[in-house]
Protein chains: 2
Amino acid sequence: MQSSSYFHGGNYREVASRYGLSPNEILDFSANINPWANSLGIEKIVRANLKEIYHYPDPQCTQLIKQIGQYLAVDRGNILAGNGSTELIYLAARALLPRRALIFAPTFFEYERAIKACGGEPKFLFLKENQGFSINIQKIIDATENVEAVFICNPNNPTGTFFPKDELLELVRTTEERKISLILDESYLDFKHPGQSLVREAQETRHLLVLRSFTKFFALAGLRLGYGVGGRRLIEKMAHFKEPWTVNCLAQAVGVYLLRNEQKIEKIREAVNKETEFLFGQLSRIGGLKPYPPQANFILVRIETDLSSSKLQEDLAQKKGILIRDCSNFAGLNDKFFRVAVRKREENLRLIDSLREAI
Amino acid sequence: MQSSSYFHGGNYREVASRYGLSPNEILDFSANINPWANSLGIEKIVRANLKEIYHYPDPQCTQLIKQIGQYLAVDRGNILAGNGSTELIYLAARALLPRRALIFAPTFFEYERAIKACGGEPKFLFLKENQGFSINIQKIIDATENVEAVFICNPNNPTGTFFPKDELLELVRTTEERKISLILDESYLDFKHPGQSLVREAQETRHLLVLRSFTKFFALAGLRLGYGVGGRRLIEKMAHFKEPWTVNCLAQAVGVYLLRNEQKIEKIREAVNKETEFLFGQLSRIGGLKPYPPQANFILVRIETDLSSSKLQEDLAQKKGILIRDCSNFAGLNDKFFRVAVRKREENLRLIDSLREAI
């Protein structure tokens with residue numbers, strides 16, 4: 001394969017070309033990107049920084065890391081910026097080289113790929129459908145017995161499985177004690193649980209790395225920006241493996257700008273959450289569909305009819321230009337599951353109508 | 001260290017803050033970036049693609065690779081795009097894991113860093129000052145005896161050492177026969193020797209990887225774009241290790257646009273080369289300086305007085321706001337060497353005047 005793209009949503013260009021549509025005609029519910037973020041003035045900042053294109057980006061991301069530090073009340077030496085949080089996932093794998101690493105099934109595919117690319121082996125902890133994909137923190141602690149690293153996405157993509165801070169701190173106590181690396185991906189935390197972050201705690205640890213992303217909440221998917229927060233030694237170790245200019249100049253400028261806008265962030269958070277509740281309510285009312293309660297800006301849905309998720313994806317794309325995420329390729333799921341991101345009201349209504357028709 | 005930035009030019013922001021200047025006040029000769037590229041209409045293309053920021057970039061870089069293929073007359077399956085050619089350097093090291101790799105001294109620092117990051121050991125082939133930093137291709141062939149990979153920058157940064165195509169093909173015959181990976185970095189080839197590329201030959205090989213960059217000729221340093229061309233199996237092997245979204249959406253759009261402009265490329269090439277000759281001539285006339293004949297858009301200069309390159313760099317930055325590349329940290333050079341990129345006439349004259357004053 002050219003890359004791991006097959007395993008992700010957001011491939012609307014490919015889908016458009018398959019059905020003879022223009023990419024602009026596709027209504028993309030497959031990537032968990034926040035449609036309210038375009039009101040944040042991002043494009044203005046890109047325009048104002050166009051001349052930066054002709055200079056190397058600051059490899060230290062000095063201004064950006066200063067701003068992140070202020071925003072989180074975290075020391076700069078505990079922060080490393082990257083080309084999306086994905087770069088940090090791979091850097092962690094490269095720096096830590098875990099022989100065995102615990103990951104959920106289902107979860108974001110890149111943890112497994114990064115572990116394998118570095119010669120390690122994933123140990124899957126299956127989230128069970130009949131338990132609503134929830135899991136007791138003690139079960140995770142028990143499963144760390146023979147691993148060197150644990151990857152947790154909180155809330156988890158695509159199940160929405162969520163752990164409050166105090167439960168995770170129990171896990172952190174264990175991983176610190178046993179010297180197990182814990183990579184805690186908070187890419188989706190900002191939507192509903194901004195107060196539950198472990199970034200400040202991460203500073204005082206040796207084995208915890210918290211990942212944060214600008215891709216989802218801030219919708220910077222195309223520009224690429226994320227960062228990691230951890231103990232100083234761990235951050236230095238990862239920096240040792242980091243390629244120098246992976247964070248482009250525009251991503252750095254926009255990142256600095258966005259974190260200065262706390263008021264706007266709060267407003268957008270309210271808007272997304274309100275619409276998430278609406279979409280969840282609407283989905284619940286469609287016979288034959290069982291949506292799982294959302295913890296971020298996406299909803300996992302089970303099809304309770306004969307229809308498969310791949311057939312549903314195909315139908316919606318071909319007939320309606322609507323792209324949902326067929327979840328049949330997630331380890332631990334099957335062809336009865338799909339995921340939708342929350343978009344704005346009118347688009348969500350189009351989704352609901354189309355789903356009602358298709359089911 | 002946070003990254004390997006210390007070993008490079010282009011750190012004008014850091015220098016500006018050291019001397020209490022605004023970054024805009026620094027005239028940067030330290031990064032080899034083509035100042036004519038801003039006439040290519042790059043900013044217009046970025047503006048036209050601003051909405052792409054909110055979507056994941058195409059991880060396959062489909063349109064870009066199609067365009068590169070057409071531009072080079074190379075099959076798409078032989079091309080892999082990256083976050084600057086630097087990503088390809090690291091990917092090659094990760095995919096090939098050479099225990100020992102031959103590299104020039106002096107040369108671009110990232111080859112050494114990538115080799116070491118992947119557990120390998122560099123074997124330095126010193127380019128000698130008393131031979132004008134030139135070297136016979138047979139000497140390189142002889143030095144491949146006990147290595148698993150060879151990194152060559154052609155023309156070489158910072159010495160300008162250049163090998164014509166037919167000489168390199170001799171080396172390729174040897175490396176193919178002995179199954180030694182040859183990473184040939186053509187980042188600077190387009191300035192004076194566009195006809196000497198080995199991209200087409202690379203398709204038919206198993207062990208040759210040719211690297212190309214948009215950073216220098218097209219000045220896209222801040223946006224990050226480069227690519228590699230090689231045999232299909234090697235490209236697939238590298239793709240296996242590649243992180244999915246490293247090439248941002250704007251870089252992809254601009255890359256497609258730039259390669260459609262062959263006529264403009266030719267005009268710019270003429271302009272840079274003309275100015276390079278002018279700057280070389282002027283530097284030659286300053287007593288106490290010995291410039292080496294340029295093969296790209298930069299000139300290596302030896303100081304033949306008591307002055308050190310670090311002192312000269314400091315003086316020029318502090319008193320004139322001019323940043324040159326102190327080359328004392330290049331393996332194989334010392335504190336008598338600096339490098340300057342070729343800029344436009346007026347700026348080059350400012351450099352010449354300031355150098356005359358300082359020496």
# chains A, B, ... in the order shown; residues from 1 in each chain; ligands from 1
>>> interface_residues(of="chain B", to="chain A", cutoff="8 Å", atoms="only C-alpha atoms", output="number ranges by chain")
B: 1-5, 10-11, 13, 31, 33, 38, 43, 47, 50, 52-60, 83, 86-87, 90, 117, 219-224, 236, 239-246, 248-250
>>> residues_around(residues="Val342 (chain A)", least_positions_apart="3", cutoff="6 Å", atoms="only C-alpha atoms", output="short mmCIF file (atom, residue, chain, number, x, y, z; two decimals) with N, CA, C and O atoms, in the first residue's frame")
data_model
loop_
_atom_site.label_atom_id
_atom_site.label_comp_id
_atom_site.auth_asym_id
_atom_site.auth_seq_id
_atom_site.Cartn_x
_atom_site.Cartn_y
_atom_site.Cartn_z
N THR A 276 -24.74 18.09 18.33
CA THR A 276 -24.46 16.66 18.53
C THR A 276 -25.66 16.00 19.21
O THR A 276 -26.10 14.92 18.81
N ASN A 297 -17.54 14.86 18.68
CA ASN A 297 -18.30 15.37 17.53
C ASN A 297 -18.59 14.28 16.50
O ASN A 297 -18.67 14.56 15.31
N PHE A 298 -18.67 13.04 16.96
CA PHE A 298 -19.01 11.95 16.04
C PHE A 298 -19.91 10.96 16.77
O PHE A 298 -19.94 10.91 18.00
#
>>> atom_distance(atom1="CA of Ser134 (chain B)", atom2="CA of Pro158 (chain B)")
12.1 Å
>>> residues_around(residues="Glu129 (chain A)", least_positions_apart="2", cutoff="12 Å", atoms="only C-alpha atoms", output="PyMOL selection string")
chain A and resi 105-106+126-127+131-135+159+161+290-292+300-302+332-334+336-337
>>> select_by_dssp(residues="region 192-301 of chain B", states="helix (DSSP H, G or I)", output="PyMOL selection string")
chain B and resi 192+194-196+199-203+232-241+249-258+262-284
>>> atom_distance(atom1="CA of Ile359 (chain A)", atom2="CA of Leu307 (chain A)")
7.4 Å
>>> residues_around(residues="Thr174 (chain A)", least_positions_apart="6", cutoff="12 Å", atoms="only C-alpha atoms", output="list in words")
Ile137, Gln138, Ile140, Ile141, Asp142, Ala143, Thr144, Glu145, Ala149, Val150, Glu167, Leu168, Ile180, Ser181, Leu182, Thr205, His207 and Leu208 of chain A
>>> write_last_selection(atoms="N, CA, C and O atoms", output="tab-separated table (two decimals), in the first residue's frame")
chain	number	residue	atom	x	y	z
A	137	ILE	N	-11.84	0.66	34.25
A	137	ILE	CA	-10.41	1.03	34.22
A	137	ILE	C	-9.55	-0.08	34.82
A	137	ILE	O	-8.40	-0.28	34.41
A	138	GLN	N	-10.12	-0.83	35.77
A	138	GLN	CA	-9.35	-1.92	36.39
A	138	GLN	C	-9.01	-3.00	35.37
A	138	GLN	O	-7.93	-3.59	35.42
A	140	ILE	N	-8.34	-2.45	32.29
A	140	ILE	CA	-7.19	-1.94	31.51
A	140	ILE	C	-5.93	-2.14	32.34
A	140	ILE	O	-4.90	-2.60	31.83
A	141	ILE	N	-6.01	-1.80	33.61
A	141	ILE	CA	-4.85	-1.95	34.49
A	141	ILE	C	-4.39	-3.41	34.49
A	141	ILE	O	-3.20	-3.71	34.35
A	142	ASP	N	-5.35	-4.33	34.59
A	142	ASP	CA	-5.00	-5.75	34.57
A	142	ASP	C	-4.32	-6.14	33.26
A	142	ASP	O	-3.39	-6.95	33.25
A	143	ALA	N	-4.77	-5.54	32.17
A	143	ALA	CA	-4.24	-5.92	30.86
A	143	ALA	C	-2.85	-5.37	30.59
A	143	ALA	O	-2.20	-5.72	29.60
A	144	THR	N	-2.35	-4.48	31.47
A	144	THR	CA	-1.01	-3.91	31.24
A	144	THR	C	0.08	-4.86	31.73
A	144	THR	O	1.27	-4.55	31.61
A	145	GLU	N	-0.32	-5.97	32.25
A	145	GLU	CA	0.60	-6.94	32.87
A	145	GLU	C	1.88	-7.19	32.04
A	145	GLU	O	2.99	-7.04	32.53
A	149	ALA	N	3.86	-0.64	26.55
A	149	ALA	CA	3.19	0.64	26.25
A	149	ALA	C	1.69	0.42	26.15
A	149	ALA	O	1.23	-0.69	25.87
A	150	VAL	N	0.95	1.50	26.41
A	150	VAL	CA	-0.51	1.47	26.29
A	150	VAL	C	-0.91	2.71	25.48
A	150	VAL	O	-0.44	3.81	25.76
A	167	GLU	N	-10.29	8.39	36.98
A	167	GLU	CA	-10.06	6.99	36.63
A	167	GLU	C	-8.73	6.82	35.91
A	167	GLU	O	-7.96	5.89	36.18
A	168	LEU	N	-8.47	7.73	34.99
A	168	LEU	CA	-7.21	7.64	34.24
A	168	LEU	C	-6.01	7.80	35.18
A	168	LEU	O	-4.96	7.19	34.97
A	180	ILE	N	5.64	1.60	32.41
A	180	ILE	CA	4.97	1.35	31.14
A	180	ILE	C	4.61	2.70	30.52
A	180	ILE	O	4.08	3.57	31.19
A	181	SER	N	4.93	2.87	29.24
A	181	SER	CA	4.58	4.13	28.58
A	181	SER	C	3.09	4.19	28.32
A	181	SER	O	2.51	3.23	27.80
A	182	LEU	N	2.49	5.31	28.67
A	182	LEU	CA	1.06	5.49	28.42
A	182	LEU	C	0.90	6.67	27.46
A	182	LEU	O	1.23	7.80	27.79
A	205	THR	N	5.23	13.43	35.22
A	205	THR	CA	5.40	11.99	35.06
A	205	THR	C	6.66	11.67	34.28
A	205	THR	O	7.31	12.56	33.74
A	207	HIS	N	6.42	8.58	32.26
A	207	HIS	CA	6.00	7.62	31.24
A	207	HIS	C	4.68	7.97	30.55
A	207	HIS	O	4.19	7.19	29.75
A	208	LEU	N	4.13	9.14	30.88
A	208	LEU	CA	2.85	9.54	30.26
A	208	LEU	C	3.09	10.57	29.17
A	208	LEU	O	3.79	11.56	29.39
>>> closest_residue(among="A:Glu170, A:Glu186, A:Glu275, A:Glu304", to="Gly226 (chain A)", atoms="only C-alpha atoms")
A:Glu186
>>> residues_around(residues="Ile324 (chain B)", least_positions_apart="3", cutoff="9 Å", atoms="only C-alpha atoms", output="PyMOL selection string")
chain B and resi 9+27-31+312-313+316-317+338-341
>>> atom_distance(atom1="CA of Pro294 (chain A)", atom2="CA of Lys344 (chain A)")
15.9 Å
>>> decode(residues="region 324-339 of chain A", atoms="all heavy atoms", output="compact mmCIF listing (two decimals), in the first residue's frame")
# COMPACT_ATOMS: atom_id res chain seq x y z
N ILE A 324 -20.54 8.59 4.51
CA ILE A 324 -20.42 8.18 5.92
C ILE A 324 -19.21 7.28 6.04
O ILE A 324 -18.62 6.85 5.05
CB ILE A 324 -21.69 7.43 6.41
CG1 ILE A 324 -21.91 6.15 5.58
CG2 ILE A 324 -22.91 8.34 6.38
CD1 ILE A 324 -22.99 5.23 6.12
N ARG A 325 -18.79 7.01 7.29
CA ARG A 325 -17.62 6.15 7.51
C ARG A 325 -18.09 4.72 7.75
O ARG A 325 -18.63 4.44 8.84
CB ARG A 325 -16.84 6.69 8.72
CG ARG A 325 -15.69 5.81 9.20
CD ARG A 325 -14.55 5.80 8.21
NE ARG A 325 -13.28 5.44 8.87
CZ ARG A 325 -12.80 4.18 8.89
NH1 ARG A 325 -13.45 3.20 8.31
NH2 ARG A 325 -11.65 3.96 9.50
N ASP A 326 -17.93 3.88 6.78
CA ASP A 326 -18.17 2.45 6.94
C ASP A 326 -17.13 1.93 7.94
O ASP A 326 -15.93 2.05 7.71
CB ASP A 326 -18.01 1.78 5.58
CG ASP A 326 -17.92 0.26 5.67
OD1 ASP A 326 -18.26 -0.30 6.73
OD2 ASP A 326 -17.53 -0.35 4.66
N CYS A 327 -17.58 1.37 9.06
CA CYS A 327 -16.64 0.97 10.12
C CYS A 327 -16.28 -0.51 10.09
O CYS A 327 -15.72 -1.03 11.06
CB CYS A 327 -17.22 1.33 11.49
SG CYS A 327 -17.22 3.09 11.82
N SER A 328 -16.58 -1.17 8.99
CA SER A 328 -16.35 -2.62 8.96
C SER A 328 -14.86 -2.99 9.01
O SER A 328 -14.52 -4.10 9.36
CB SER A 328 -17.01 -3.24 7.73
OG SER A 328 -16.51 -2.66 6.55
N ASN A 329 -13.98 -2.04 8.66
CA ASN A 329 -12.55 -2.38 8.71
C ASN A 329 -11.89 -2.04 10.06
O ASN A 329 -10.67 -2.19 10.20
CB ASN A 329 -11.78 -1.75 7.53
CG ASN A 329 -11.74 -0.23 7.61
OD1 ASN A 329 -12.29 0.36 8.54
ND2 ASN A 329 -11.09 0.39 6.64
N PHE A 330 -12.64 -1.60 11.03
CA PHE A 330 -12.09 -1.43 12.38
C PHE A 330 -11.98 -2.80 13.04
O PHE A 330 -12.98 -3.55 13.08
CB PHE A 330 -13.03 -0.57 13.25
CG PHE A 330 -12.82 0.91 13.13
CD1 PHE A 330 -13.64 1.69 12.32
CD2 PHE A 330 -11.82 1.55 13.87
CE1 PHE A 330 -13.47 3.07 12.24
CE2 PHE A 330 -11.65 2.92 13.79
CZ PHE A 330 -12.47 3.68 12.97
N ALA A 331 -10.82 -3.13 13.59
CA ALA A 331 -10.70 -4.36 14.36
C ALA A 331 -11.70 -4.29 15.50
O ALA A 331 -11.76 -3.29 16.22
CB ALA A 331 -9.28 -4.50 14.91
N GLY A 332 -12.52 -5.34 15.67
CA GLY A 332 -13.50 -5.34 16.76
C GLY A 332 -14.88 -4.87 16.34
O GLY A 332 -15.82 -4.92 17.13
N LEU A 333 -15.03 -4.37 15.12
CA LEU A 333 -16.36 -4.03 14.61
C LEU A 333 -16.66 -4.93 13.40
O LEU A 333 -15.83 -5.74 13.02
CB LEU A 333 -16.44 -2.54 14.23
CG LEU A 333 -16.38 -1.55 15.40
CD1 LEU A 333 -16.56 -0.13 14.89
CD2 LEU A 333 -17.45 -1.86 16.45
N ASN A 334 -17.84 -4.76 12.83
CA ASN A 334 -18.17 -5.55 11.65
C ASN A 334 -19.02 -4.71 10.70
O ASN A 334 -19.14 -3.49 10.88
CB ASN A 334 -18.88 -6.84 12.07
CG ASN A 334 -20.12 -6.53 12.90
OD1 ASN A 334 -20.87 -5.61 12.58
ND2 ASN A 334 -20.31 -7.27 13.99
N ASP A 335 -19.59 -5.35 9.71
CA ASP A 335 -20.27 -4.59 8.66
C ASP A 335 -21.66 -4.11 9.05
O ASP A 335 -22.51 -3.86 8.20
CB ASP A 335 -20.30 -5.39 7.35
CG ASP A 335 -21.18 -6.62 7.47
OD1 ASP A 335 -21.69 -6.88 8.59
OD2 ASP A 335 -21.36 -7.31 6.45
N LYS A 336 -21.88 -3.98 10.34
CA LYS A 336 -23.14 -3.40 10.82
C LYS A 336 -22.93 -2.01 11.42
O LYS A 336 -23.85 -1.42 11.97
CB LYS A 336 -23.77 -4.31 11.89
CG LYS A 336 -24.29 -5.62 11.33
CD LYS A 336 -25.48 -5.35 10.42
CE LYS A 336 -25.90 -6.59 9.65
NZ LYS A 336 -26.84 -6.23 8.57
N PHE A 337 -21.70 -1.52 11.36
CA PHE A 337 -21.40 -0.25 12.03
C PHE A 337 -20.96 0.84 11.06
O PHE A 337 -20.19 0.59 10.14
CB PHE A 337 -20.30 -0.47 13.07
CG PHE A 337 -20.74 -1.27 14.25
CD1 PHE A 337 -20.60 -2.66 14.26
CD2 PHE A 337 -21.33 -0.65 15.34
CE1 PHE A 337 -21.01 -3.40 15.35
CE2 PHE A 337 -21.75 -1.39 16.43
CZ PHE A 337 -21.59 -2.78 16.44
N PHE A 338 -21.45 2.03 11.33
CA PHE A 338 -20.91 3.20 10.61
C PHE A 338 -20.78 4.37 11.58
O PHE A 338 -21.32 4.34 12.70
CB PHE A 338 -21.75 3.55 9.38
CG PHE A 338 -23.13 4.08 9.68
CD1 PHE A 338 -23.35 5.45 9.81
CD2 PHE A 338 -24.21 3.22 9.80
CE1 PHE A 338 -24.63 5.94 10.08
CE2 PHE A 338 -25.50 3.70 10.06
CZ PHE A 338 -25.71 5.07 10.21
N ARG A 339 -19.99 5.36 11.16
CA ARG A 339 -19.76 6.52 12.01
C ARG A 339 -20.10 7.78 11.21
O ARG A 339 -19.80 7.84 10.02
CB ARG A 339 -18.28 6.57 12.43
CG ARG A 339 -17.93 7.61 13.49
CD ARG A 339 -16.40 7.75 13.61
NE ARG A 339 -15.87 8.34 12.40
CZ ARG A 339 -14.59 8.28 12.03
NH1 ARG A 339 -13.70 7.64 12.76
NH2 ARG A 339 -14.19 8.85 10.91
